Structure formats: C-alpha cells, structure tokens
file start_25.cif (mmCIF, C-alpha atoms)
data_entry
loop_
_atom_site.label_atom_id
_atom_site.label_comp_id
_atom_site.auth_asym_id
_atom_site.auth_seq_id
_atom_site.Cartn_x
_atom_site.Cartn_y
_atom_site.Cartn_z
CA MET Q 1 111.32 62.91 108.08
CA LYS Q 2 112.05 66.57 107.37
CA ASP Q 3 115.72 66.06 108.26
CA LYS Q 4 115.94 63.14 105.85
CA LEU Q 5 114.43 65.32 103.11
CA LEU Q 6 117.01 68.05 103.79
CA TYR Q 7 119.89 65.54 103.68
CA ALA Q 8 118.49 64.06 100.46
CA ALA Q 9 118.26 67.56 98.92
CA CYS Q 10 121.87 68.27 99.96
CA LEU Q 11 123.09 65.00 98.43
CA LEU Q 12 121.15 65.67 95.22
CA ALA Q 13 122.61 69.20 95.03
CA ALA Q 14 126.15 67.86 95.57
CA TRP Q 15 125.68 65.20 92.89
CA LEU Q 16 124.26 67.73 90.42
CA VAL Q 17 127.10 70.18 91.08
CA LEU Q 18 129.72 67.46 90.48
CA ALA Q 19 127.95 66.30 87.31
CA ASN Q 20 127.67 69.91 86.06
CA LEU Q 21 131.30 70.67 86.97
CA SER Q 22 132.48 67.71 84.90
CA VAL Q 23 130.58 69.08 81.88
CA ILE Q 24 131.67 72.68 82.55
CA LEU Q 25 135.37 71.79 82.88
CA LEU Q 26 135.72 68.81 80.53
CA VAL Q 27 133.03 69.02 77.84
CA LEU Q 28 132.25 72.68 77.15
CA PRO Q 29 134.90 74.40 75.01
CA ASP Q 30 136.71 77.61 75.96
CA GLU Q 31 134.96 80.81 74.91
CA ALA Q 32 136.52 82.30 71.76
CA GLU Q 33 137.53 85.66 73.31
CA GLN Q 34 137.59 85.00 77.06
CA GLY Q 35 139.19 81.55 77.18
CA ALA Q 36 138.62 79.37 80.26
CA ILE Q 37 137.61 82.14 82.68
CA TYR Q 38 134.15 82.53 81.10
CA ARG Q 39 133.15 79.33 82.99
CA ILE Q 40 132.82 81.41 86.14
CA ILE Q 41 129.51 82.65 84.67
CA PHE Q 42 127.92 79.28 85.49
CA PHE Q 43 128.21 80.17 89.19
CA HIS Q 44 128.24 83.98 89.00
CA VAL Q 45 124.85 84.36 87.28
CA PRO Q 46 122.88 81.59 89.09
CA ALA Q 47 124.20 82.98 92.41
CA ALA Q 48 122.71 86.38 91.49
CA TRP Q 49 119.40 84.80 90.43
CA SER Q 50 119.21 82.89 93.73
CA ALA Q 51 120.00 86.04 95.74
CA PHE Q 52 117.35 88.08 93.88
CA LEU Q 53 114.78 85.32 94.34
CA GLY Q 54 115.56 85.36 98.07
CA PHE Q 55 115.18 89.15 98.22
CA LEU Q 56 111.87 88.92 96.33
CA VAL Q 57 110.54 86.31 98.79
CA ALA Q 58 111.77 88.53 101.66
CA ALA Q 59 109.89 91.55 100.26
CA LEU Q 60 106.68 89.51 99.78
CA ALA Q 61 107.00 88.02 103.28
CA SER Q 62 107.55 91.53 104.66
CA VAL Q 63 104.34 92.77 103.00
CA ALA Q 64 102.54 89.69 104.35
CA TYR Q 65 103.86 90.45 107.86
CA LEU Q 66 102.62 94.06 107.71
CA VAL Q 67 99.18 92.84 106.60
CA LYS Q 68 98.77 89.77 108.85
CA ARG Q 69 101.11 90.62 111.77
CA ASN Q 70 102.18 86.97 111.88
CA LEU Q 71 105.80 86.60 113.08
CA TRP Q 72 106.29 83.52 110.86
CA PHE Q 73 106.47 85.87 107.84
CA ASP Q 74 109.15 87.91 109.61
CA ALA Q 75 111.12 84.72 110.30
CA LEU Q 76 110.80 83.74 106.62
CA ALA Q 77 111.95 87.20 105.51
CA VAL Q 78 115.11 87.19 107.65
CA SER Q 79 115.93 83.58 106.69
CA VAL Q 80 115.83 84.11 102.93
CA THR Q 81 117.54 87.51 103.25
CA GLU Q 82 120.52 86.06 105.10
CA VAL Q 83 120.93 83.16 102.66
CA GLY Q 84 120.36 85.56 99.74
CA LEU Q 85 123.12 87.81 101.04
CA ALA Q 86 125.56 84.87 101.08
CA PHE Q 87 124.73 84.21 97.42
CA ALA Q 88 125.02 87.93 96.59
CA VAL Q 89 128.55 87.90 98.06
CA VAL Q 90 129.37 84.85 95.88
CA ASN Q 91 128.10 86.82 92.87
CA LEU Q 92 130.19 89.90 93.72
CA VAL Q 93 133.41 88.02 94.45
CA THR Q 94 133.24 85.73 91.39
CA GLY Q 95 132.50 88.82 89.27
CA MET Q 96 135.59 90.55 90.64
CA ILE Q 97 137.79 87.54 89.83
CA TRP Q 98 136.39 87.43 86.28
CA GLY Q 99 136.92 91.20 85.92
CA ARG Q 100 140.56 90.91 87.01
CA ILE Q 101 141.30 88.73 83.96
CA ILE Q 102 138.95 90.25 81.35
CA TRP Q 103 139.19 93.95 82.30
CA GLY Q 104 142.55 93.85 84.09
CA ILE Q 105 140.97 95.39 87.22
CA TRP Q 106 139.26 93.97 90.28
CA TRP Q 107 136.55 96.61 90.45
CA THR Q 108 135.00 99.50 88.55
CA TRP Q 109 132.28 101.87 89.72
CA ASP Q 110 129.91 101.17 86.85
CA ALA Q 111 126.14 101.04 87.29
CA ARG Q 112 125.76 97.23 87.52
CA LEU Q 113 128.62 96.62 89.96
CA THR Q 114 127.81 99.63 92.12
CA SER Q 115 124.07 98.89 92.33
CA MET Q 116 124.83 95.25 93.22
CA LEU Q 117 127.25 96.35 95.95
CA VAL Q 118 124.61 98.77 97.27
CA CYS Q 119 122.10 95.89 97.21
CA ALA Q 120 124.39 93.68 99.32
CA LEU Q 121 125.10 96.56 101.73
CA LEU Q 122 121.37 97.31 102.07
CA TYR Q 123 120.59 93.72 103.04
CA ALA Q 124 123.60 93.61 105.39
CA GLY Q 125 122.08 96.76 106.95
CA TYR Q 126 118.75 94.93 107.26
CA LEU Q 127 120.45 92.18 109.29
CA MET Q 128 122.24 94.77 111.47
CA LEU Q 129 118.98 96.65 112.06
CA ARG Q 130 117.43 93.46 113.42
CA ARG Q 131 120.20 93.14 116.00
CA ALA Q 132 119.57 96.70 117.18
CA VAL Q 133 115.87 96.25 118.05
CA GLU Q 134 115.02 94.01 121.02
CA GLU Q 135 111.23 93.88 121.02
CA PRO Q 136 110.10 91.18 118.47
CA ALA Q 137 106.98 92.94 117.07
CA GLN Q 138 108.78 96.28 116.71
CA ARG Q 139 111.81 94.54 115.14
CA ALA Q 140 109.55 92.73 112.67
CA LYS Q 141 107.74 95.96 111.70
CA PHE Q 142 110.92 98.03 111.15
CA SER Q 143 112.59 95.15 109.30
CA ALA Q 144 109.58 94.61 107.03
CA VAL Q 145 109.52 98.27 105.99
CA PHE Q 146 113.31 98.26 105.45
CA SER Q 147 113.14 95.05 103.39
CA ILE Q 148 110.43 96.46 101.09
CA PHE Q 149 112.48 99.63 100.49
CA ALA Q 150 115.70 97.64 99.99
CA PHE Q 151 113.98 95.58 97.29
CA ILE Q 152 113.66 98.72 95.14
CA ASP Q 153 117.38 98.27 94.38
CA VAL Q 154 116.88 94.78 92.88
CA PRO Q 155 115.18 95.90 89.62
CA ILE Q 156 117.76 98.71 89.42
CA VAL Q 157 120.55 96.09 89.50
CA TRP Q 158 118.68 93.89 87.01
CA PHE Q 159 118.01 96.62 84.43
CA SER Q 160 121.15 98.71 85.04
CA ILE Q 161 122.93 97.20 82.02
CA GLN Q 162 120.00 98.22 79.80
CA TRP Q 163 119.37 101.65 81.32
CA TRP Q 164 122.98 102.85 81.40
CA ARG Q 165 126.12 102.28 79.37
CA THR Q 166 128.19 99.96 81.55
CA GLN Q 167 131.45 98.08 81.43
CA HIS Q 168 129.57 94.96 82.52
CA PRO Q 169 128.60 92.67 79.58
CA GLN Q 170 125.18 93.24 78.01
CA PRO Q 171 122.39 90.78 78.86
CA VAL Q 172 122.89 87.39 77.24
CA PHE Q 173 119.20 86.56 77.44
CA ARG Q 174 116.74 88.89 75.69
CA GLY Q 175 119.51 91.43 75.07
CA GLY Q 176 122.38 92.38 72.83
CA GLY Q 177 124.59 89.44 73.82
CA SER Q 178 124.46 85.88 72.59
CA MET Q 179 125.54 82.47 73.87
CA ASP Q 180 126.02 78.96 72.54
CA PRO Q 181 122.91 76.83 73.34
CA ALA Q 182 125.01 74.28 75.30
CA MET Q 183 126.42 77.07 77.51
CA TYR Q 184 122.96 78.63 77.81
CA LYS Q 185 121.50 75.31 79.01
CA MET Q 186 124.32 74.80 81.51
CA MET Q 187 123.57 78.18 83.11
CA PHE Q 188 120.07 76.97 84.01
CA ALA Q 189 121.26 73.40 84.80
CA ASN Q 190 123.71 74.79 87.36
CA TRP Q 191 121.02 76.99 88.88
CA VAL Q 192 119.12 73.84 89.99
CA PRO Q 193 121.70 72.65 92.60
CA LEU Q 194 122.35 76.20 93.77
CA LEU Q 195 118.62 76.73 94.22
CA LEU Q 196 118.33 73.41 96.08
CA LEU Q 197 121.13 74.52 98.39
CA PHE Q 198 119.40 77.88 98.81
CA VAL Q 199 116.15 76.18 99.89
CA VAL Q 200 117.93 73.82 102.31
CA LEU Q 201 119.87 76.68 103.94
CA SER Q 202 116.71 78.79 104.19
CA VAL Q 203 114.81 75.95 105.91
CA VAL Q 204 117.68 75.46 108.39
CA ARG Q 205 117.76 79.22 109.03
CA LEU Q 206 113.97 79.29 109.48
CA ARG Q 207 114.26 76.55 112.14
CA GLN Q 208 116.78 78.72 113.98
CA GLU Q 209 114.27 81.58 114.05
CA ARG Q 210 111.73 79.16 115.54
CA ALA Q 211 114.32 78.14 118.16
CA ARG Q 212 114.86 81.84 118.96
CA GLY Q 213 111.11 82.20 119.47
CA GLU Q 214 111.21 79.23 121.84
CA ILE Q 215 114.08 80.83 123.77
CA ASP Q 216 112.11 84.10 124.07
CA ALA Q 217 109.10 82.16 125.39
CA LEU Q 218 111.24 80.25 127.92
CA ARG Q 219 112.83 83.50 129.10
CA ARG Q 220 109.43 85.11 129.56
CA GLU Q 221 108.35 82.05 131.58
CA ALA Q 222 111.51 82.31 133.71
CA HIS Q 223 110.85 86.02 134.35
CA ALA Q 224 107.23 85.30 135.30
CA LEU Q 225 108.38 82.72 137.87
CA MET V 1 147.06 84.94 79.56
CA SER V 2 145.92 81.33 79.20
CA SER V 3 147.52 79.95 82.38
CA ALA V 4 146.46 82.99 84.44
CA ASN V 5 143.03 82.58 82.90
CA PHE V 6 142.73 79.01 84.20
CA THR V 7 144.30 79.85 87.57
CA PHE V 8 141.75 82.60 88.15
CA LEU V 9 138.94 80.23 87.15
CA VAL V 10 140.13 77.86 89.89
CA TYR V 11 140.31 80.80 92.35
CA GLY V 12 136.79 81.83 91.39
CA LEU V 13 135.26 78.39 91.84
CA THR V 14 137.18 77.84 95.10
CA VAL V 15 136.15 81.19 96.58
CA ALA V 16 132.50 80.70 95.57
CA TRP V 17 132.28 77.40 97.45
CA LEU V 18 134.43 78.66 100.31
CA ILE V 19 131.96 81.50 100.97
CA LEU V 20 129.06 79.03 101.05
CA PHE V 21 130.98 76.59 103.30
CA VAL V 22 131.87 79.39 105.73
CA TYR V 23 128.19 80.38 105.83
CA VAL V 24 127.17 76.74 106.48
CA ALA V 25 129.77 76.56 109.30
CA LEU V 26 128.35 79.77 110.84
CA LEU V 27 124.82 78.32 110.61
CA ALA V 28 125.96 75.07 112.27
CA GLY V 29 127.68 77.01 115.09
CA ARG V 30 124.57 79.12 115.68
CA ASP V 31 122.43 75.96 115.66
CA ARG V 32 124.54 74.37 118.42
CA ARG V 33 124.44 77.59 120.48
CA LEU V 34 120.65 77.87 120.23
CA ARG V 35 120.10 74.20 121.20
CA ARG V 36 122.42 74.59 124.20
CA GLU V 37 120.58 77.74 125.30
CA ILE V 38 117.17 76.01 125.05
CA GLU V 39 118.44 73.05 127.10
CA GLN V 40 119.92 75.33 129.77
CA LEU V 41 116.71 77.38 130.04
CA LYS V 42 114.58 74.22 130.29
CA GLN V 43 116.83 72.78 133.01
CA MET V 44 116.77 76.08 134.88
CA LEU V 45 112.97 76.21 134.77
CA GLN V 46 112.65 72.57 135.91
CA GLN V 47 115.00 73.17 138.86
CA TYR V 48 113.07 76.31 139.81
CA LYS V 49 109.71 74.53 139.64
CA ARG V 50 111.01 71.62 141.78
CA SER V 51 112.39 73.94 144.43
#
call {"tool": "encode", "arguments": {"input": "start_25.cif", "output": "structure tokens"}}
result
Amino acid sequence: MKDKLLYAACLLAAWLVLANLSVILLVLPDEAEQGAIYRIIFFHVPAAWSAFLGFLVAALASVAYLVKRNLWFDALAVSVTEVGLAFAVVNLVTGMIWGRIIWGIWWTWDARLTSMLVCALLYAGYLMLRRAVEEPAQRAKFSAVFSIFAFIDVPIVWFSIQWWRTQHPQPVFRGGGSMDPAMYKMMFANWVPLLLLFVVLSVVRLRQERARGEIDALRREAHAL
Amino acid sequence: MSSANFTFLVYGLTVAWLILFVYVALLAGRDRRLRREIEQLKQMLQQYKRS
C-alpha cells in the first residue's frame, strides 16, 4: 500500500513537472532584461525552499530526539538532511549557471552565495560526523546538537540579501524586487512537484535507516549467539 | 547573448535533474546493499541456530 502511494506520488510529480515545463518553456515570455535564462529561477528557488524546509524538519527532529531520546527522530533528521542537501546542491549549481550568463562569472563571494555554500558544507559535515561515530545513541546525540547549530545558518542565508548589500538579486517576495503574477504563480506551482519528490525521497531514506536498525539488531543477535 | 542564454538554460535544467537522478541512483544502490545484508545476516543466524 505504502509502495503504491510512493509510486503514485512519483508519477504525479513527474506529470506536474512536465506540465509546468511546457508552460515555463512555451507559454511564459522571456524576461525583459535577462532573456530566457531567468526560467532557471523556477527550479533554483523551489530547490532552496525544499532544502530549507528539510533543514528545519531536521532541527525540530533533533530537538525532539534530545528531549525524548527516541531514535526514530534521529532517523528522520538524517533522512531529511540528506535529501535537503541534494536540493541545496541543485540550488547552488543552478545559481552558478544563471550567474555565468547574467554576471559573466560562475561565482562571487557575496553574502548570499557564501552563506549558502557554508550551509551546504555544514550539512555535508553533519553526514560525515555520523559516519565517524559507531555507537547509535552517541551518534544520535552528537548529530542532534550539530544539526541544531547548523540550522543557525539557514536564517542567515534567508535574510543575507536584506542584511547586507549583495550581488544576488533582492527578494522578489516582500522585498525590493517585483515579478509578473504569472511567473510568481509558476514559482509556487513548480514547488509542488519538487516538494512531492522531496517527501518521497525522504520516506525512502527513512526506510533505509529502519533497515540499518534491523541490521544492527541482527548483528547484536549474532554476537550474542 | 540570446543563444548562449538559451544554451545555459538547457544546461541548468539538465544539471538540476541530473543531480537528483544521481542521488536517486545512490539511494537505490544503498537500498539493494541493505536488503542483501539483511538477507545474509538472517541466513547466517538460521544456519547457526540449526547447527
């Protein structure tokens, strides 16, 4: 039943992406100053939102683990962090490709780009830390504390374009920028399939953590025999 | 500018999906490895209990 739900969610996400892509490429006009390349924003921004949502869930699950000491929360935290990191990499790489055309450079050390890179490196460090600690309860405790501290960078990334003068465009929503309503709607419309994909991948990853728990239990049983 | 603009849009969309597909492939590989390990451990335990 659960598998069928996951497959259905995948199919729905694929259909929505194709439908959105047809609108993005064939219906929406080029942006007046940027031309065709602006369309990358429909993947660049929702990828960042998905990653941040994952990091938020990871931080909340980490707090829940420290309070309840239930390893399920640790499994949830690592699952959404790993999937969130994949989306953060999508955000960084698509941003670099956009920057190459609009700014003429692949990268600049401005506050938004640098804080986002630091964010991705912090969560990559979180995943590496987990590999370094063998004992499950100790690993969960260290990881939870690390995840909560790493989350401090997320609001810094989010507000960096308001707090500092950056080369990155100003916020389109509730900021100095503006956007055509059709483009604005498409940004949210394209977030739906990406979010669906995010949830499916997180559930698959969570199952793998459960399988790891089963392996640990079987190994303990083997040692006891 | 215009043709490079479109070419880089194609690169961007391709790379975005490529990253996600690579991640899905890594997840699938890990899934197979974990299932195999569980099966092996279960078989090992059954053999040990029988003997």
call {"tool": "closest_atom_pairs", "arguments": {"input": "start_25.cif", "of": "chain V", "to": "chain Q", "cutoff": "9 Å", "atoms": "only C-alpha atoms", "output": "tab-separated table"}}
result
residue	atom	partner	partner_atom	distance
V:Met1	CA	Q:Ile101	CA	8.2
V:Ser2	CA	Q:Gly35	CA	7.0
V:Ala4	CA	Q:Ile101	CA	7.7
V:Asn5	CA	Q:Ile37	CA	5.4
V:Phe6	CA	Q:Ala36	CA	5.7
V:Thr7	CA	Q:Ile37	CA	8.6
V:Phe8	CA	Q:Ile97	CA	6.6
V:Leu9	CA	Q:Ile37	CA	5.0
V:Val10	CA	Q:Ile37	CA	8.8
V:Tyr11	CA	Q:Ile97	CA	7.6
V:Gly12	CA	Q:Thr94	CA	5.3
V:Leu13	CA	Q:Ile40	CA	6.9
V:Val15	CA	Q:Thr94	CA	7.5
V:Ala16	CA	Q:Val90	CA	5.2
V:Trp17	CA	Q:Val90	CA	8.2
V:Ile19	CA	Q:Val90	CA	6.6
V:Leu20	CA	Q:Ala86	CA	6.8
V:Tyr23	CA	Q:Ala86	CA	7.0
V:Val24	CA	Q:Leu201	CA	7.7
V:Leu27	CA	Q:Arg205	CA	7.3
V:Arg30	CA	Q:Gln208	CA	8.0
V:Asp31	CA	Q:Gln208	CA	6.5
V:Leu34	CA	Q:Ala211	CA	6.7
V:Arg35	CA	Q:Ala211	CA	7.6
V:Glu37	CA	Q:Ile215	CA	7.4
V:Ile38	CA	Q:Ile215	CA	5.9
V:Leu41	CA	Q:Leu218	CA	6.5
V:Lys42	CA	Q:Leu218	CA	7.3
V:Met44	CA	Q:Ala222	CA	8.2
V:Leu45	CA	Q:Ala222	CA	6.4
V:Tyr48	CA	Q:Leu225	CA	8.2
V:Lys49	CA	Q:Leu225	CA	8.5
call {"tool": "write_last_selection", "arguments": {"input": "start_25.cif", "atoms": "C-alpha atoms", "output": "short mmCIF file (atom, residue, chain, number, x, y, z; two decimals), in the coordinates of the input"}}
result
data_model
loop_
_atom_site.label_atom_id
_atom_site.label_comp_id
_atom_site.auth_asym_id
_atom_site.auth_seq_id
_atom_site.Cartn_x
_atom_site.Cartn_y
_atom_site.Cartn_z
CA MET V 1 147.06 84.94 79.56
CA SER V 2 145.92 81.33 79.20
CA ALA V 4 146.46 82.99 84.44
CA ASN V 5 143.03 82.58 82.90
CA PHE V 6 142.73 79.01 84.20
CA THR V 7 144.30 79.85 87.57
CA PHE V 8 141.75 82.60 88.15
CA LEU V 9 138.94 80.23 87.15
CA VAL V 10 140.13 77.86 89.89
CA TYR V 11 140.31 80.80 92.35
CA GLY V 12 136.79 81.83 91.39
CA LEU V 13 135.26 78.39 91.84
CA VAL V 15 136.15 81.19 96.58
CA ALA V 16 132.50 80.70 95.57
CA TRP V 17 132.28 77.40 97.45
CA ILE V 19 131.96 81.50 100.97
CA LEU V 20 129.06 79.03 101.05
CA TYR V 23 128.19 80.38 105.83
CA VAL V 24 127.17 76.74 106.48
CA LEU V 27 124.82 78.32 110.61
CA ARG V 30 124.57 79.12 115.68
CA ASP V 31 122.43 75.96 115.66
CA LEU V 34 120.65 77.87 120.23
CA ARG V 35 120.10 74.20 121.20
CA GLU V 37 120.58 77.74 125.30
CA ILE V 38 117.17 76.01 125.05
CA LEU V 41 116.71 77.38 130.04
CA LYS V 42 114.58 74.22 130.29
CA MET V 44 116.77 76.08 134.88
CA LEU V 45 112.97 76.21 134.77
CA TYR V 48 113.07 76.31 139.81
CA LYS V 49 109.71 74.53 139.64
#
call {"tool": "atom_distance", "arguments": {"input": "start_25.cif", "atom1": "atom CA of Q:Ala61", "atom2": "atom CA of Q:Met187"}}
result
27.9 Å
call {"tool": "closest_residue", "arguments": {"input": "start_25.cif", "among": "Q:Ala111, Q:Ala88, Q:Leu66, Q:Leu194", "to": "Q:Arg165", "atoms": "only C-alpha atoms"}}
result
Q:Ala111
call {"tool": "atom_distance", "arguments": {"input": "start_25.cif", "atom1": "atom CA of Q:Pro155", "atom2": "atom CA of Q:Gly125"}}
result
18.7 Å
call {"tool": "atom_distance", "arguments": {"input": "start_25.cif", "atom1": "atom CA of Q:Leu117", "atom2": "atom CA of Q:Ile156"}}
result
11.8 Å
call {"tool": "residues_around", "arguments": {"input": "start_25.cif", "residues": "Q:Gly84", "least_positions_apart": "3", "cutoff": "8 Å", "atoms": "all atoms listed in the file", "output": "PDB file with C-alpha atoms, in the frame of the given file"}}
result
ATOM      1  CA  SER Q  50     119.210  82.890  93.730  1.00  0.00           C
ATOM      2  CA  ALA Q  51     120.000  86.040  95.740  1.00  0.00           C
ATOM      3  CA  PHE Q  52     117.350  88.080  93.880  1.00  0.00           C
ATOM      4  CA  LEU Q  53     114.780  85.320  94.340  1.00  0.00           C
ATOM      5  CA  GLY Q  54     115.560  85.360  98.070  1.00  0.00           C
ATOM      6  CA  PHE Q  55     115.180  89.150  98.220  1.00  0.00           C
ATOM      7  CA  VAL Q  80     115.830  84.110 102.930  1.00  0.00           C
ATOM      8  CA  THR Q  81     117.540  87.510 103.250  1.00  0.00           C
ATOM      9  CA  PHE Q  87     124.730  84.210  97.420  1.00  0.00           C
ATOM     10  CA  ALA Q  88     125.020  87.930  96.590  1.00  0.00           C
ATOM     11  CA  PHE Q 198     119.400  77.880  98.810  1.00  0.00           C
TER      12      PHE Q 198
END
call {"tool": "residues_around", "arguments": {"input": "start_25.cif", "residues": "Q:Ala13", "least_positions_apart": "3", "cutoff": "12 Å", "atoms": "all atoms listed in the file", "output": "PDB file with C-alpha atoms, in the frame of the given file"}}
result
ATOM      1  CA  LEU Q   6     117.010  68.050 103.790  1.00  0.00           C
ATOM      2  CA  TYR Q   7     119.890  65.540 103.680  1.00  0.00           C
ATOM      3  CA  ALA Q   8     118.490  64.060 100.460  1.00  0.00           C
ATOM      4  CA  ALA Q   9     118.260  67.560  98.920  1.00  0.00           C
ATOM      5  CA  CYS Q  10     121.870  68.270  99.960  1.00  0.00           C
ATOM      6  CA  LEU Q  16     124.260  67.730  90.420  1.00  0.00           C
ATOM      7  CA  VAL Q  17     127.100  70.180  91.080  1.00  0.00           C
ATOM      8  CA  LEU Q  18     129.720  67.460  90.480  1.00  0.00           C
ATOM      9  CA  ALA Q  19     127.950  66.300  87.310  1.00  0.00           C
ATOM     10  CA  ASN Q  20     127.670  69.910  86.060  1.00  0.00           C
ATOM     11  CA  LEU Q  21     131.300  70.670  86.970  1.00  0.00           C
ATOM     12  CA  ALA Q 189     121.260  73.400  84.800  1.00  0.00           C
ATOM     13  CA  ASN Q 190     123.710  74.790  87.360  1.00  0.00           C
ATOM     14  CA  TRP Q 191     121.020  76.990  88.880  1.00  0.00           C
ATOM     15  CA  VAL Q 192     119.120  73.840  89.990  1.00  0.00           C
ATOM     16  CA  PRO Q 193     121.700  72.650  92.600  1.00  0.00           C
ATOM     17  CA  LEU Q 194     122.350  76.200  93.770  1.00  0.00           C
ATOM     18  CA  LEU Q 195     118.620  76.730  94.220  1.00  0.00           C
ATOM     19  CA  LEU Q 196     118.330  73.410  96.080  1.00  0.00           C
ATOM     20  CA  LEU Q 197     121.130  74.520  98.390  1.00  0.00           C
ATOM     21  CA  PHE Q 198     119.400  77.880  98.810  1.00  0.00           C
ATOM     22  CA  VAL Q 199     116.150  76.180  99.890  1.00  0.00           C
ATOM     23  CA  VAL Q 200     117.930  73.820 102.310  1.00  0.00           C
ATOM     24  CA  LEU Q 201     119.870  76.680 103.940  1.00  0.00           C
TER      25      LEU Q 201
END
call {"tool": "axis_aligned_box", "arguments": {"input": "start_25.cif", "around": "stretch 177-185 of chain Q", "padding_each_side": "5 Å", "output": "lines of an AutoDock Vina configuration file"}}
result
center_x = 124.0
center_y = 81.9
center_z = 75.8
size_x = 14.9
size_y = 25.2
size_z = 16.5
call {"tool": "residues_around", "arguments": {"input": "start_25.cif", "residues": "stretch 129-145 of chain Q", "least_positions_apart": "3", "cutoff": "10 Å", "atoms": "all atoms listed in the file", "output": "PyMOL selection string"}}
result
chain Q and resi 58-66+69-75+77-78+123-126+148-150+213+216
